[in-house]
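Pasting structure.cif here (mmCIF, C-alpha atoms):
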data_input
#
loop_
_atom_site.label_atom_id
_atom_site.label_comp_id
_atom_site.auth_asym_id
_atom_site.auth_seq_id
_atom_site.Cartn_x
_atom_site.Cartn_y
_atom_site.Cartn_z
CA MET A 1 -6.22 -59.52 56.49
CA LYS A 2 -4.74 -61.86 59.04
CA LEU A 3 -8.23 -63.07 59.96
CA ILE A 4 -9.07 -63.70 56.29
CA SER A 5 -5.87 -65.62 55.68
CA THR A 6 -6.49 -67.70 58.82
CA LEU A 7 -9.98 -68.61 57.64
CA ILE A 8 -8.61 -69.62 54.23
CA PHE A 9 -6.04 -71.77 55.96
CA LEU A 10 -8.66 -73.52 58.09
CA LEU A 11 -10.66 -74.31 54.97
CA CYS A 12 -7.58 -75.72 53.35
CA VAL A 13 -6.62 -77.96 56.25
CA THR A 14 -10.20 -79.13 56.65
CA PHE A 15 -10.23 -80.26 53.04
CA ALA A 16 -6.85 -81.88 53.53
CA PHE A 17 -8.09 -83.81 56.57
CA ALA A 18 -11.12 -85.04 54.64
CA GLU A 19 -8.68 -86.67 52.22
CA CYS A 20 -6.26 -87.85 54.89
CA TYR A 21 -5.88 -91.30 53.34
CA ASP A 22 -4.22 -89.77 50.27
CA ASN A 23 -2.27 -86.92 51.83
CA HIS A 24 1.20 -88.53 51.90
CA PHE A 25 1.29 -88.32 55.70
CA ASP A 26 2.75 -91.81 55.81
CA GLU A 27 5.79 -90.47 53.93
CA CYS A 28 6.75 -88.43 57.00
CA ARG A 29 9.58 -90.17 58.88
CA ILE A 30 10.48 -89.43 62.48
CA GLU A 31 14.26 -89.50 62.81
CA ARG A 32 16.62 -89.13 65.74
CA GLN A 33 19.85 -87.20 65.83
CA ASN A 34 21.98 -86.41 68.88
CA GLY A 35 19.21 -87.65 71.16
CA LYS A 36 16.59 -85.36 69.65
CA TYR A 37 13.80 -86.07 67.19
CA GLY A 38 12.79 -84.34 63.97
CA ILE A 39 10.66 -85.05 60.91
CA VAL A 40 11.91 -85.78 57.41
CA ILE A 41 9.70 -86.04 54.31
CA ASP A 42 10.95 -86.98 50.86
CA LYS A 43 14.51 -86.75 52.18
CA GLN A 44 13.92 -83.14 53.23
CA LEU A 45 14.16 -81.99 56.84
CA ALA A 46 10.77 -80.52 57.64
CA ILE A 47 11.02 -80.28 61.45
CA PRO A 48 14.43 -79.74 63.06
CA TYR A 49 15.90 -82.19 65.59
CA GLU A 50 14.87 -80.43 68.80
CA TYR A 51 12.14 -82.58 70.37
CA ASP A 52 12.41 -85.26 73.05
CA GLU A 53 9.41 -87.13 71.62
CA ILE A 54 7.30 -87.05 68.46
CA VAL A 55 4.19 -89.21 68.10
CA PRO A 56 1.97 -89.25 64.95
CA GLN A 57 -1.75 -88.81 65.59
CA HIS A 58 -4.76 -89.56 63.37
CA ASN A 59 -2.82 -89.39 60.12
CA CYS A 60 -2.86 -85.58 60.24
CA PHE A 61 -0.70 -84.18 63.09
CA PHE A 62 2.10 -84.97 65.55
CA LYS A 63 2.14 -84.61 69.30
CA VAL A 64 5.60 -83.40 70.34
CA ARG A 65 7.36 -83.01 73.68
CA LYS A 66 10.18 -80.81 74.93
CA GLY A 67 11.20 -81.79 78.42
CA ARG A 68 7.87 -82.17 80.24
CA LYS A 69 5.89 -79.86 78.02
CA TYR A 70 3.81 -80.86 75.02
CA GLY A 71 2.84 -79.17 71.78
CA ILE A 72 1.47 -79.96 68.33
CA ILE A 73 3.01 -80.02 64.86
CA SER A 74 0.37 -79.81 62.16
CA TYR A 75 0.52 -81.24 58.69
CA PHE A 76 -1.48 -80.73 55.56
CA TYR A 77 -1.03 -81.52 51.90
CA GLU A 78 -2.21 -80.02 48.60
CA LYS A 79 -1.56 -80.84 45.00
CA HIS A 80 -0.96 -77.20 44.11
CA LYS A 81 1.16 -74.58 45.80
CA ARG A 82 -0.65 -71.74 47.59
CA ASP A 83 2.09 -69.13 47.98
CA GLY A 84 0.93 -65.90 49.61
CA ARG A 85 -2.43 -67.31 50.62
CA LEU A 86 -1.49 -68.85 53.97
CA PRO A 87 -0.43 -67.29 57.29
CA LYS A 88 3.26 -66.43 57.47
CA GLU A 89 3.86 -68.63 60.53
CA ILE A 90 3.16 -71.73 58.47
CA GLY A 91 6.33 -71.27 56.49
CA ARG A 92 7.30 -72.46 53.05
CA PRO A 93 5.94 -75.74 51.64
CA ILE A 94 7.95 -78.82 50.94
CA ALA A 95 7.78 -79.90 47.33
CA LEU A 96 6.93 -83.58 46.89
CA LYS A 97 6.79 -85.65 43.76
CA LYS A 98 3.05 -85.06 43.66
CA GLY A 99 2.05 -81.86 45.36
CA TYR A 100 3.20 -79.92 48.39
CA ALA A 101 3.28 -80.56 52.15
CA TRP A 102 3.37 -78.18 55.07
CA LEU A 103 4.61 -79.02 58.58
CA TYR A 104 4.72 -76.37 61.25
CA LEU A 105 4.50 -75.92 65.01
CA SER A 106 0.86 -74.98 65.51
CA LEU A 107 0.84 -75.28 69.31
CA ALA A 108 3.96 -74.39 71.30
CA CYS A 109 5.40 -76.91 73.75
CA GLU A 110 4.12 -75.28 76.93
CA TYR A 111 1.40 -77.65 78.15
CA ASP A 112 1.53 -80.36 80.81
CA LYS A 113 -0.87 -82.67 78.92
CA ILE A 114 -2.47 -83.03 75.53
CA GLU A 115 -5.23 -85.65 75.55
CA GLU A 116 -7.87 -86.95 73.19
CA TYR A 117 -11.24 -85.30 73.76
CA GLU A 118 -14.30 -85.62 71.49
CA ASN A 119 -15.22 -84.90 67.88
CA GLN A 120 -11.70 -84.05 66.62
CA PHE A 121 -10.82 -81.94 69.65
CA LEU A 122 -7.90 -82.23 72.06
CA GLN A 123 -7.88 -81.16 75.69
CA ILE A 124 -4.80 -79.30 76.83
CA SER A 125 -3.73 -78.87 80.47
CA ARG A 126 -1.37 -76.49 82.22
CA ASP A 127 -1.09 -75.78 85.95
CA ASP A 128 -4.32 -77.72 86.62
CA ARG A 129 -6.17 -75.60 84.09
CA LYS A 130 -7.74 -76.96 80.92
CA GLY A 131 -8.37 -75.72 77.39
CA ILE A 132 -9.35 -77.08 73.98
CA VAL A 133 -7.57 -77.18 70.62
CA ASN A 134 -8.59 -78.86 67.38
CA TYR A 135 -6.56 -81.41 65.41
CA TYR A 136 -4.81 -78.59 63.57
CA GLY A 137 -3.51 -77.05 66.77
CA THR A 138 -5.87 -74.09 66.59
CA LEU A 139 -6.75 -72.84 70.05
CA VAL A 140 -10.50 -73.11 70.64
CA LEU A 141 -10.63 -72.49 74.41
CA PRO A 142 -7.80 -70.89 76.37
CA CYS A 143 -6.21 -72.98 79.07
CA ARG A 144 -7.88 -71.38 82.08
CA PHE A 145 -10.78 -73.61 83.12
CA GLU A 146 -11.06 -76.21 85.85
CA LYS A 147 -13.54 -78.34 83.92
CA ILE A 148 -14.76 -78.56 80.32
CA GLU A 149 -17.66 -80.63 79.01
CA LEU A 150 -18.98 -80.87 75.46
CA SER A 151 -22.78 -81.16 75.45
CA ASN A 152 -25.46 -80.21 72.92
CA ASN A 153 -22.74 -78.85 70.61
CA PHE A 154 -21.54 -76.38 73.28
CA PHE A 155 -18.54 -76.34 75.58
CA TRP A 156 -19.66 -75.99 79.21
CA VAL A 157 -16.78 -74.54 81.23
CA SER A 158 -16.28 -73.86 84.92
CA SER A 159 -13.73 -71.93 86.92
CA GLU A 160 -13.73 -71.16 90.64
CA GLY A 161 -17.32 -72.29 91.01
CA LEU A 162 -18.63 -70.19 88.11
CA TYR A 163 -19.88 -71.46 84.77
CA GLY A 164 -19.92 -70.30 81.16
CA ILE A 165 -20.71 -71.49 77.63
CA TYR A 166 -18.63 -71.45 74.42
CA ASN A 167 -19.55 -72.70 70.98
CA ARG A 168 -17.48 -75.22 68.99
CA TYR A 169 -15.51 -72.41 67.36
CA GLY A 170 -14.43 -70.85 70.64
CA SER A 171 -16.81 -67.88 70.57
CA THR A 172 -18.19 -66.85 73.95
CA ILE A 173 -21.88 -67.56 74.28
CA ILE A 174 -22.11 -66.93 78.02
CA PRO A 175 -19.15 -65.51 79.96
CA CYS A 176 -17.88 -67.67 82.81
CA ARG A 177 -19.40 -65.71 85.67
CA TYR A 178 -22.64 -67.47 86.59
CA GLU A 179 -23.38 -69.83 89.45
CA GLN A 180 -25.86 -71.85 87.44
CA ILE A 181 -26.72 -72.32 83.75
CA GLU A 182 -29.67 -74.30 82.39
CA LEU A 183 -30.31 -75.04 78.71
CA THR A 184 -33.85 -75.27 77.34
CA ASP A 185 -35.09 -75.77 73.80
CA ARG A 186 -34.59 -72.16 72.80
CA CYS A 187 -32.34 -70.45 75.36
CA PHE A 188 -30.03 -70.53 78.38
CA TYR A 189 -31.24 -69.58 81.86
CA VAL A 190 -28.45 -68.12 83.99
CA CYS A 191 -28.28 -67.34 87.71
CA ARG A 192 -25.89 -65.24 89.76
CA ASP A 193 -26.32 -63.92 93.31
CA ARG A 194 -29.83 -65.43 93.26
CA LEU A 195 -30.77 -63.27 90.27
CA LYS A 196 -31.74 -64.78 86.95
CA GLY A 197 -31.43 -63.85 83.28
CA VAL A 198 -31.74 -65.36 79.80
CA TYR A 199 -29.34 -65.72 76.85
CA ASN A 200 -30.22 -67.06 73.41
CA ARG A 201 -28.13 -69.78 71.73
CA TYR A 202 -26.07 -67.15 69.88
CA GLY A 203 -24.90 -65.39 73.02
CA SER A 204 -27.21 -62.38 72.96
CA VAL A 205 -28.74 -61.26 76.24
CA ILE A 206 -32.50 -61.66 76.06
CA ILE A 207 -33.23 -60.72 79.67
CA PRO A 208 -30.61 -59.10 81.92
CA CYS A 209 -29.63 -61.05 85.02
CA GLN A 210 -31.56 -58.95 87.53
CA PHE A 211 -34.78 -60.83 88.25
CA SER A 212 -35.68 -63.10 91.14
CA GLN A 213 -37.91 -65.25 88.93
CA ILE A 214 -38.34 -65.87 85.19
CA GLU A 215 -41.05 -68.05 83.66
CA CYS A 216 -41.60 -68.71 79.96
CA LYS A 217 -45.28 -69.06 79.05
CA ASP A 218 -47.71 -67.75 76.43
CA ASN A 219 -44.72 -67.23 74.10
CA ALA A 220 -43.26 -64.61 76.44
CA TYR A 221 -41.07 -64.30 79.54
CA TYR A 222 -42.80 -63.32 82.79
CA VAL A 223 -40.25 -61.73 85.11
CA THR A 224 -40.36 -60.82 88.80
CA LYS A 225 -38.25 -58.23 90.59
CA GLY A 226 -39.10 -57.73 94.24
CA LYS A 227 -42.88 -57.42 94.39
CA TYR A 228 -43.20 -56.25 90.81
CA GLN A 229 -43.74 -58.21 87.60
CA GLY A 230 -43.16 -57.52 83.92
CA ILE A 231 -43.11 -59.26 80.53
CA TYR A 232 -40.47 -59.57 77.79
CA ASN A 233 -41.08 -61.05 74.37
CA LEU A 234 -38.93 -63.93 73.07
CA TYR A 235 -36.47 -61.46 71.49
CA GLY A 236 -35.87 -59.47 74.66
CA SER A 237 -38.09 -56.45 74.01
CA VAL A 238 -40.12 -55.18 76.95
CA ILE A 239 -43.84 -55.74 76.50
CA VAL A 240 -44.92 -54.82 80.02
CA PRO A 241 -42.47 -52.87 82.20
CA THR A 242 -41.61 -54.38 85.58
CA GLN A 243 -43.84 -52.11 87.63
CA TYR A 244 -46.99 -54.13 88.29
CA THR A 245 -47.88 -56.32 91.26
CA SER A 246 -49.75 -58.84 89.07
CA ILE A 247 -50.18 -59.62 85.37
CA TYR A 248 -52.74 -61.93 83.77
CA LYS A 249 -53.14 -62.93 80.12
CA GLU A 250 -56.67 -62.30 78.88
CA GLY A 251 -57.19 -63.11 75.23
CA GLY A 252 -54.51 -61.30 73.27
CA LYS A 253 -53.90 -58.67 75.94
CA TYR A 254 -52.59 -58.40 79.51
CA LEU A 255 -54.57 -57.33 82.56
CA VAL A 256 -52.11 -55.51 84.80
CA GLU A 257 -52.58 -54.46 88.41
CA ASN A 258 -50.71 -52.17 90.76
CA ASP A 259 -51.81 -51.24 94.29
CA SER A 260 -55.30 -52.65 93.55
CA LEU A 261 -55.64 -50.51 90.42
CA LYS A 262 -56.02 -52.24 87.06
CA GLY A 263 -55.18 -51.52 83.43
CA ILE A 264 -54.78 -53.24 80.04
CA VAL A 265 -51.62 -53.58 77.90
CA ASN A 266 -51.66 -55.18 74.44
CA ALA A 267 -49.23 -57.79 73.09
CA TYR A 268 -46.98 -55.06 71.63
CA GLY A 269 -46.55 -53.27 74.94
CA SER A 270 -48.89 -50.36 74.18
CA THR A 271 -51.20 -49.20 76.95
CA VAL A 272 -54.81 -49.83 76.01
CA ILE A 273 -56.29 -48.75 79.34
CA PRO A 274 -54.21 -46.87 81.91
CA CYS A 275 -53.69 -48.61 85.25
CA LYS A 276 -56.05 -46.47 87.33
CA TYR A 277 -59.31 -48.38 87.62
CA ASN A 278 -60.80 -50.47 90.44
CA THR A 279 -62.40 -52.97 88.06
CA ILE A 280 -62.11 -53.86 84.38
CA GLU A 281 -64.52 -56.31 82.75
CA TYR A 282 -64.61 -57.39 79.12
CA GLU A 283 -68.14 -57.80 77.74
CA ASP A 284 -69.81 -57.38 74.33
CA GLY A 285 -66.49 -56.52 72.70
CA VAL A 286 -65.66 -53.58 75.00
CA TYR A 287 -64.08 -52.95 78.40
CA TYR A 288 -66.26 -51.73 81.26
CA VAL A 289 -64.15 -49.83 83.80
CA SER A 290 -64.91 -48.34 87.20
CA ALA A 291 -63.12 -45.96 89.53
CA GLY A 292 -64.43 -44.38 92.71
CA GLY A 293 -67.96 -45.67 92.11
CA LYS A 294 -68.09 -44.26 88.57
CA TYR A 295 -68.20 -46.28 85.34
CA GLY A 296 -66.94 -45.87 81.79
CA ILE A 297 -66.23 -47.84 78.62
CA TYR A 298 -63.15 -48.31 76.39
CA ASN A 299 -63.00 -50.11 73.06
CA THR A 300 -60.36 -52.77 72.40
CA TYR A 301 -58.00 -50.18 70.83
CA GLY A 302 -57.96 -48.03 73.95
CA SER A 303 -60.26 -45.26 72.69
CA THR A 304 -62.73 -43.92 75.24
CA ILE A 305 -66.34 -44.67 74.35
CA LEU A 306 -67.75 -43.37 77.63
CA PRO A 307 -65.68 -41.38 80.11
CA CYS A 308 -65.58 -42.84 83.60
CA ARG A 309 -68.12 -40.46 85.14
CA TYR A 310 -71.41 -42.36 85.23
CA SER A 311 -72.97 -44.02 88.27
CA SER A 312 -74.29 -46.85 86.06
CA ILE A 313 -74.08 -48.08 82.47
CA ARG A 314 -76.43 -50.63 80.93
CA LYS A 315 -76.50 -51.97 77.38
CA GLU A 316 -79.89 -51.30 75.76
CA GLY A 317 -79.93 -52.92 72.33
CA ARG A 318 -77.25 -51.13 70.32
CA GLN A 319 -77.01 -48.19 72.70
CA TYR A 320 -75.99 -47.58 76.29
CA LEU A 321 -78.36 -46.32 78.97
CA VAL A 322 -76.21 -44.17 81.25
CA GLU A 323 -77.04 -42.62 84.59
CA ASN A 324 -75.40 -39.91 86.64
CA ASN A 325 -76.72 -38.22 89.78
CA GLY A 326 -80.06 -39.91 89.29
CA LEU A 327 -80.44 -38.64 85.71
CA GLN A 328 -80.38 -40.88 82.63
CA GLY A 329 -79.24 -40.52 79.03
CA ILE A 330 -78.46 -42.56 75.92
CA VAL A 331 -75.05 -42.90 74.22
CA ASN A 332 -74.33 -44.96 71.11
CA THR A 333 -71.50 -47.49 70.72
CA TYR A 334 -69.21 -44.82 69.24
CA GLY A 335 -69.53 -42.61 72.29
CA SER A 336 -71.84 -40.03 70.69
CA THR A 337 -74.64 -38.70 72.86
CA ILE A 338 -78.09 -39.63 71.57
CA ILE A 339 -80.07 -38.30 74.52
CA PRO A 340 -78.34 -36.02 77.03
CA CYS A 341 -78.08 -37.31 80.59
CA ARG A 342 -80.77 -35.13 82.18
CA TYR A 343 -83.90 -37.27 82.41
CA ASN A 344 -85.36 -39.06 85.41
CA LYS A 345 -86.42 -42.03 83.33
CA ILE A 346 -85.82 -43.34 79.81
CA GLN A 347 -87.75 -46.27 78.39
CA GLN A 348 -87.19 -47.72 74.94
CA GLU A 349 -90.12 -49.04 72.91
CA GLY A 350 -89.16 -50.19 69.44
CA ASN A 351 -87.18 -47.42 67.73
CA ILE A 352 -88.21 -44.61 70.06
CA TYR A 353 -87.38 -43.50 73.58
CA TYR A 354 -89.93 -42.23 76.10
CA VAL A 355 -88.28 -39.77 78.46
CA THR A 356 -89.44 -38.23 81.74
CA ALA A 357 -88.03 -35.21 83.51
CA ASN A 358 -89.59 -33.41 86.49
CA GLY A 359 -92.91 -35.13 85.88
CA LYS A 360 -93.03 -34.16 82.21
CA LYS A 361 -92.79 -36.58 79.30
CA GLY A 362 -91.38 -36.51 75.77
CA ILE A 363 -90.21 -38.74 72.94
CA PHE A 364 -86.89 -39.08 71.02
CA ASN A 365 -86.19 -41.25 68.00
CA ARG A 366 -83.24 -43.64 67.96
CA TYR A 367 -80.98 -40.99 66.38
CA GLY A 368 -81.59 -38.52 69.19
CA SER A 369 -83.99 -36.22 67.32
CA THR A 370 -86.91 -34.86 69.32
CA ILE A 371 -90.29 -36.16 68.25
CA ILE A 372 -92.23 -34.70 71.16
CA PRO A 373 -90.59 -32.20 73.50
CA CYS A 374 -90.46 -33.20 77.16
CA GLN A 375 -93.24 -30.87 78.36
CA TYR A 376 -96.36 -33.00 78.56
CA ASP A 377 -98.11 -34.64 81.46
CA GLU A 378 -99.12 -37.65 79.42
CA ILE A 379 -98.43 -39.17 76.01
CA ILE A 380 -100.68 -41.80 74.46
CA SER A 381 -99.45 -43.74 71.43
CA LEU A 382 -102.00 -44.49 68.69
CA GLY A 383 -99.82 -46.27 66.16
CA HIS A 384 -98.43 -43.55 63.91
CA ARG A 385 -99.68 -40.63 66.02
CA TYR A 386 -99.54 -39.49 69.60
CA ILE A 387 -102.15 -37.82 71.84
CA VAL A 388 -100.44 -35.45 74.28
CA LYS A 389 -101.86 -33.88 77.43
CA ARG A 390 -100.74 -30.82 79.37
CA ASP A 391 -102.66 -28.88 81.97
CA LYS A 392 -105.80 -30.92 81.14
CA LYS A 393 -105.57 -29.89 77.47
CA PHE A 394 -104.98 -32.28 74.59
CA GLY A 395 -103.14 -32.17 71.29
CA VAL A 396 -101.87 -34.49 68.53
CA TYR A 397 -98.39 -35.17 67.03
CA ASN A 398 -97.58 -37.45 64.12
CA GLN A 399 -94.77 -40.04 64.21
CA TYR A 400 -92.25 -37.57 62.77
CA GLY A 401 -92.79 -34.94 65.46
CA SER A 402 -95.00 -32.57 63.48
CA THR A 403 -97.90 -30.95 65.35
CA ILE A 404 -101.24 -32.01 63.93
CA LEU A 405 -103.37 -30.37 66.60
CA PRO A 406 -102.02 -27.93 69.19
CA CYS A 407 -102.43 -28.88 72.83
CA GLN A 408 -105.46 -26.65 73.56
CA PHE A 409 -108.51 -28.87 73.47
CA GLN A 410 -110.53 -30.18 76.41
CA LYS A 411 -111.42 -33.28 74.43
CA ILE A 412 -110.24 -35.03 71.29
CA GLU A 413 -112.01 -37.95 69.60
CA CYS A 414 -110.30 -39.99 66.94
CA LEU A 415 -112.54 -41.30 64.17
CA ASN A 416 -112.04 -44.48 62.22
CA ASN A 417 -111.32 -42.55 59.04
CA GLY A 418 -108.38 -40.72 60.68
CA HIS A 419 -110.27 -37.49 61.36
CA TYR A 420 -110.45 -35.74 64.73
CA VAL A 421 -113.37 -34.22 66.59
CA THR A 422 -112.20 -31.63 69.07
CA THR A 423 -113.99 -29.89 71.89
CA ARG A 424 -112.95 -26.49 73.15
CA ASP A 425 -115.13 -24.25 75.26
CA LYS A 426 -118.08 -26.57 74.52
CA SER A 427 -117.58 -25.98 70.79
CA GLN A 428 -116.80 -28.96 68.55
CA GLN A 429 -114.76 -28.89 65.37
CA VAL A 430 -113.62 -31.52 62.89
CA TYR A 431 -110.06 -31.85 61.58
CA ASN A 432 -108.65 -34.24 59.05
CA ALA A 433 -105.63 -36.50 59.66
CA TYR A 434 -103.24 -33.68 58.72
CA GLY A 435 -104.82 -31.11 61.05
CA ALA A 436 -106.86 -29.24 58.44
CA LEU A 437 -110.21 -27.91 59.68
CA LEU A 438 -113.28 -29.48 58.10
CA GLU A 439 -116.70 -27.81 57.95
CA ASN A 440 -118.86 -30.76 58.87
CA ARG A 441 -118.45 -33.80 61.07
CA THR A 442 -118.76 -36.92 59.06
CA ASN A 443 -120.79 -39.79 60.40
CA MET A 444 -117.85 -41.91 61.48
CA LYS A 445 -117.23 -44.16 64.44
CA VAL A 446 -115.16 -42.89 67.35
CA VAL A 447 -112.19 -45.21 67.93
CA PHE A 448 -110.53 -43.21 70.73
CA SER A 449 -111.59 -40.44 73.04
CA THR A 450 -109.62 -38.57 75.62
CA GLU A 451 -112.56 -39.06 77.97
CA ASP A 452 -112.14 -42.86 77.94
#
Entire entry expressed as structure tokens:
Amino acid sequence: MKLISTLIFLLCVTFAFAECYDNHFDECRIERQNGKYGIVIDKQLAIPYEYDEIVPQHNCFFKVRKGRKYGIISYFYEKHKRDGRLPKEIGRPIALKKGYAWLYLSLACEYDKIEEYENQFLQISRDDRKGIVNYYGTLVLPCRFEKIELSNNFFWVSSEGLYGIYNRYGSTIIPCRYEQIELTDRCFYVCRDRLKGVYNRYGSVIIPCQFSQIECKDNAYYVTKGKYQGIYNLYGSVIVPTQYTSIYKEGGKYLVENDSLKGIVNAYGSTVIPCKYNTIEYEDGVYYVSAGGKYGIYNTYGSTILPCRYSSIRKEGRQYLVENNGLQGIVNTYGSTIIPCRYNKIQQEGNIYYVTANGKKGIFNRYGSTIIPCQYDEIISLGHRYIVKRDKKFGVYNQYGSTILPCQFQKIECLNNGHYVTTRDKSQQVYNAYGALLENRTNMKVVFSTED
């Protein structure tokens, strides 16, 4: 309640000062009696005769002296009485012909000096220490500082070689315990015992004073403590903990490094890639990582596409050709295995993959389905069909992996009408394009023969 009444009072006296040219201040008369001075207004004694000097100031207060000590008597005027709405120390008002006046000792006579300062402030001094009061005698800064400067709407104070910051209302922004304070556009940089920290303009600690270096860039604070670095955002939340030997901004994320191992942290402080890889490279919208001679892939959200277990990874169209222990496989961009990693060679032609394992050949489609099992010595593509060879015998598959002719013929001839002439044990037979046996060989031209 006392705080509320004080705030109401300050509002009242502020309004009174704004109308100081019509506040009847000039009706106050300084009178002397028995060698002491007092103040009389409208023939009423407002301030008793107990001061050695009274001097009016700025049409709104009096500077008074007792012996060698100075104080302040405040004055304000209102047209209507405000009983019960002002602090008790102000006392009862003096009724004038038009309105009411209050005079009261707002600052006790216990200061060596009271001098004009800036912007309706007074500087008070006692025992070589300085403080600040306003024109109404309200204490803004206690009288305990060696030096006070008003700059950028803040009071910069110093005591015993240490500095602090107060606002215009006397609230502590930065306690007076730092060896150096620097103001930037958005914050204060402080330094003590060679360690640095950051405060905002409202007095909240953004970064504790425990870092050897602080640099603001990329809309964040880069901090250094010993050999380690970290990052805080502009509001003081940790983005990257101070545990990395180097940090670099790459796009919207941070590449972190510790003991030659690398990782990725996003702008919100979440780990995208743990710091355990020898190399990290961003390419084609993903991160390629390596550790101990093995390679893997992460997406930009930190999900593993390929575990770090392959000796090589190469982008092949929309898929990845992976290799491990000399064997190859195919994985899609979501990390699903298309072709298991067990082939000596994989070659893509159009939408199919030719695979080789232990000297045998086969074919997969782009979805990983087997068209021709990997058990043939040779595969010859004829558009929408394949001639296969195994142990000097030939057969035919269509493009969907269905067997047209089993691999048991010494010779196969393909006719221009799509039929086949086969030779087995010196006996010839004719089959249509779907593998059905025909009785007679039609007089058609041979377009392919396994003897060619």
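Excluding Arg424 of chain A and any residue on its chain fewer than 3 positions from it, the residues at most 12 Å away by only C-alpha atoms are Lys392, Lys393, Phe394, Gly395, Pro406, Cys407, Gln408, Phe409, Gln410, Lys411, Ile412, Val421, Ser427, Gln428, Gln429 and Val430 of chain A.
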- Counting all atoms listed in the file, which of A:Asn153, A:Asn200, A:Thr279, A:Gln120 gets nearest to Leu234 of chain A?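 Of A:Asn153, A:Asn200, A:Thr279, A:Gln120, the one nearest Leu234 of chain A, counting all atoms listed in the file, is A:Asn200.
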- Message: Restricting the calculation to all atoms listed in the file: of A:Ala95, A:Ala357, A:Ile339, A:Leu105, which residue gets closest to Lys79 of chain A?
- Response: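 Of the candidates, the smallest distance to Lys79 of chain A is held by A:Ala95.
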- Translate the PyMOL selection byres ((chain A and resi 432) around 12), as applied to the file shown, into an explicit residue set as a PyMOL selection string. chain A and resi 396+404-405+413-422+429-431+433-442
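Those residues that approach Val55 of chain A to within 10 Å, counting all atoms listed in the file, are Ile30, Phe61, Phe62, Lys63, Val64, Arg65, Ile72 and Ile73 of chain A; same-chain residues fewer than 6 positions away are not listed.
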Tell me, as a PDB file with C-alpha atoms, in the frame of the given file, which residues lie within 9 Å of Ser402 of chain A, counting only C-alpha atoms; anything in the same chain fewer than 3 positions away does not count.
ATOM      1  CA  ILE A 371     -90.290 -36.160  68.250  1.00  0.00           C
ATOM      2  CA  ILE A 372     -92.230 -34.700  71.160  1.00  0.00           C
ATOM      3  CA  VAL A 396    -101.870 -34.490  68.530  1.00  0.00           C
ATOM      4  CA  TYR A 397     -98.390 -35.170  67.030  1.00  0.00           C
ATOM      5  CA  ASN A 398     -97.580 -37.450  64.120  1.00  0.00           C
ATOM      6  CA  GLN A 399     -94.770 -40.040  64.210  1.00  0.00           C
TER       7      GLN A 399
END
